[in-house]
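These notes are about the structure you will find just below.
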Amino acid sequence: MIVEANTVRFDSISLDSGATLAPVDVAYETYGRLNSSKSNAILVLHAFSGDAHAAGISHEKGKPGWWDNMIGPGKAFDTNRYFMICSNVLGGCRGTTGPGSVNPATGSPYAMSFPVITIGDMVRVQRMLMDWFGIRRLLSVTGGSMGGMQALEWAVSYPDRVVSAIPIACTTRHSAQQIAFNEVGRQAIMADPDWNEGNYYGGKPPARGLAVARMVGHITFMSDDSMREKFGRRLRGKEAFGFDFDVDFEVESYLRYRGSEFVNRFDANSYLYITKAMDYFDLTNGHGSLAAAFERAQARFLVISFSSDWLYPSYQSQEIVSALRARNCDVAYVELESNYGHDAFLVDVAEQTDLIRGFLASTVEKAA
Amino acid sequence: MSLQPARKQAFVRELLGRSDYAIIGDIVEPRTKVLDLGCGEGELLEWLAQNKGVEARGVEISSAKVQRAIARGVSVYQGDIDQGLADYPDQAFDYVILSQTLQETHRPRKVLGEMLRVGRRAIVAFPNFGHWRVRLSMLVSGGAPRTKLFPYEWYDSPNIHFLTVYDFENLAALEGLVVERRYFLAGHRKVTLAPNLLAEVAVFLVSAAD
């Protein structure tokens with residue numbers, strides 16, 4: 001399945017901060033076919049560093065999408081049955097307007113003059129995209145991590161437009177620990193002299209800071225078990241310690257590789273803006289409590305967490321489920337056994353496939 | 001599906017391989033809200049949803065079973081029924097089912113109370129520890145009884161509270177519960193005489209007194 005990225009431009013959007021952004025470009029991809037009643041659309045919401053290329057092989061680069069093992073003909077999200085849409089989030093750097101985009105008022109990139117955005121703003125842009133498609137109700141909204149937060153935001157902000165939601169490995173609000181890790185990443189970027197108050201476009205990006213931020217991220221995505229399994233204390237290409245500060249251990253090599261690779265595909269300022277949006281996210285905002293937030297929700301929910309995920313621990317998913325049960329909402333929940341930590345939602349495909357396939361089929365049945 | 005209206009022998013046919021399910025399937029009124037505690041892989045809930053049009057929910061502790069239940073389209077929550085009902089609002093369900101699980105709960109009395117808080121009626125099915133084979137097994141062997149109904153070694157048994165028909169009736173009276181219907185089964189046969197001695201499985205439909 002060769003797929004192409006598309007972009008649609010909207011005149012403007014009002015943001016939660018009070019600022020207005022104009023215009024807004026949104027990069028998206030679709031897989032499968034929208035049926036005549038437009039009732040088979042599923043919106044896939046990407047995680048922090050993801051993009052609109054969720055599935056298939058990209059036309060330009062020949063790379064598979066980030067959830068390609070879950071989306072396609074006969075897969076969990078069966079493109080023979082469902083019309084899948086994925087768009088790059090607002091503030092991103094993969095085709096949708098973000099701090100690296102050119103501000104039409106000045107002719108140069110926004111950089112730090114880009115307004116601070118929220119998960120709610122991201123979802124508002126997605127709603128505009130759904131309006132543009134003429135899709136009134138989404139059969140499902142789904143995603144892991146930050147994608148799960150957006151799915152929750154959809155179910156609460158646009159209750160009549162969401163038939164079901166599948167939030168995976170996520171939370172209704174970041175804990176101090178999650179904010180702390182994000183802050184370390186931001187500080188690493190801003191401490192890099194090349195960051196230059198965000199004005200590095202056309203010059204040298206803060207590659208060292210961004211790489212360190214990504215290294216920290218990758219540690220939080222894995223688990224003690226998965227790191228032991230993958231690296232242990234194995235040395236990298238040597239029999240004995242080097243007694244210097246070059247790479248000794250496999251794990252160091254892996255993190256350096258991940259860090260430097262990230263620099264080629266991600267904008268440091270987007271890192272700042274998107275992590276801030278995640279930290280600000282609190283589904284109880286304006287509602288008083290989580291149960292009150294779900295008061296309006298009409299969707300049925302499938303909530304999934306992973307046993308070894310310590311970045312978004314199961315208790316956070318259980319809080320979602322508790323609040324939904326208190327409102328007597330239709331909710332299924334399972335904690336899947338996995339060693340892969342937070343990464344499990346991208347890796348543990350087989351178990352998620354059966355769950356999601358069955359959940360979607362019964363959602364279609366109930367909606368009929 | 002319905003119970004065989006047999007007069008002489010009173011046979012109960014199986015539902016999903018179980019005669020207590022057949023009774024439960026018969027009790028539950030169409031288009032009601034049903035919560036099944038310890039619902040396993042959700043077979044009964046799926047049957048009730050498809051054949052009675054009920055809104056079906058389940059609680060199950062085993063992750064593997066929850067996965068299979070969700071895969072078959074049933075909304076099941078992975079959790080412990082000893083604690084797991086606290087989230088539900090009062091009277092959220094028409095029926096709360098506890099099938100062959102009461103004897104495995106840590107605090108059966110609390111579970112029963114919670115069932116009747118979140119549901120208008122409770123359907124409780126349990127193996128009768130007062131059955132003559134159990135009594136005989138213990139009398140003869142002098143060890144923890146092992147029968148077709150209670151096949152486990154004492155150290156492997158999931159059953160931690162052994163109750164009889166008589167015990168359940170007493171608890172219901174003590175709690176002031178109204179027993180609306182009671183069914184006693186031995187294999188596929190309905191038991192009418194001396195159920196505490198002859199019934200292998202009992203199914204009670206109870207509600208709270210007003």
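By order in the structure tokens, chains are A, B, ...; within a chain, residues start at 1; ligands start at 1, following the order shown.
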Next item on the list: Report the residues of segment 15-173 of chain A whose backbone DSSP state falls under strand (DSSP E), written as number ranges by chain.
Entry: A: 20-21, 24-31, 41-44, 57-58, 71-72, 77-78, 83-87, 140-144, 164-168
Next item on the list: Compute the set of chain A residues within 12 Å of chain B, using only C-alpha atoms, and express it as a ChimeraX atom specification.
Entry: /A:76,291,300-307,314-315,317-338,350-366
Margin query: Residues near Ser253 of chain A, anyone? I mean within 12 Å using only C-alpha atoms, not counting same-chain ones fewer than 4 positions away, as a list in words.
Written below: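 My list of contacting residues is Met215, Phe231, Arg233, Arg234, Leu235, Arg236, Gly237, Phe245, Asp246, Val247, Asp248, Phe249, Tyr257, Arg258, Gly259 and Ser260 of chain A.
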Check: Which neighbours of Tyr28 of chain A fall inside 12 Å, counting only C-alpha atoms, when residues of the same chain fewer than 3 positions from it are skipped, and could you give them as number ranges by chain?
Finding: A: 3-9, 25, 31, 43-46, 51-55, 84-90, 94-96, 125-126, 129-130, 133
Checklist line | Option closest in space to Val206 of chain B, from B:Val12, B:Leu177, B:Ile23, B:Ile81 [counting only C-alpha atoms] | finding: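 Between B:Val12, B:Leu177, B:Ile23, B:Ile81, the residue approaching Val206 of chain B most closely is B:Leu177.
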Next item on the list: Tell me, as a list in words, which residues lie within 8 Å of segment 130-145 of chain B, counting only C-alpha atoms; anything in the same chain fewer than 5 positions away does not count.
Entry: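 My reading of the contact set: Phe150, Glu153, Trp154, Leu163, Thr164, Val165, Tyr166, Asn196, Leu197, Leu198, Ala199 and Glu200 of chain B.
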Next item on the list: Name all residues at most 6 Å from Gly341 of chain A (count only C-alpha atoms; drop same-chain ones fewer than 5 positions away) and give them as a ChimeraX atom specification.
Entry: /A:221-223,308-309
Contacts of Glu180 of chain B within 12 Å, only C-alpha atoms, excl. fewer than 4 positions in-chain, as a compact mmCIF listing (two decimals) with C-alpha atoms, in the first residue's frame:
```txt
# COMPACT_ATOMS: atom_id res chain seq x y z
CA ILE B 27 -34.43 -15.56 34.38
CA ARG B 120 -31.94 -4.26 41.41
CA ARG B 121 -31.63 -8.03 41.53
CA ALA B 122 -28.82 -10.48 42.08
CA ILE B 123 -28.58 -13.90 40.47
CA VAL B 124 -26.30 -16.14 42.49
CA GLU B 169 -30.97 -19.29 52.79
CA ALA B 172 -30.43 -14.21 52.87
CA VAL B 203 -29.41 -20.68 41.55
CA PHE B 204 -31.03 -17.89 43.57
CA LEU B 205 -32.72 -14.75 42.32
CA VAL B 206 -32.67 -12.28 45.19
CA SER B 207 -33.50 -8.64 45.73
CA ALA B 208 -33.13 -6.28 48.64
CA ALA B 209 -36.14 -5.80 50.88
```
Item checked: For atom CA of Leu48 of chain B and atom CA of Asp26 of chain B, the interatomic separation in Å (one decimal) -> 9.8 Å
Next item on the list: Identify, with DSSP run on backbone atoms, the residues in segment 201-343 of chain A assigned to alpha helix (DSSP H), and express the list as a ChimeraX atom specification.
Entry: /A:207-221,224-230,250-263,268-280,290-293,314-326
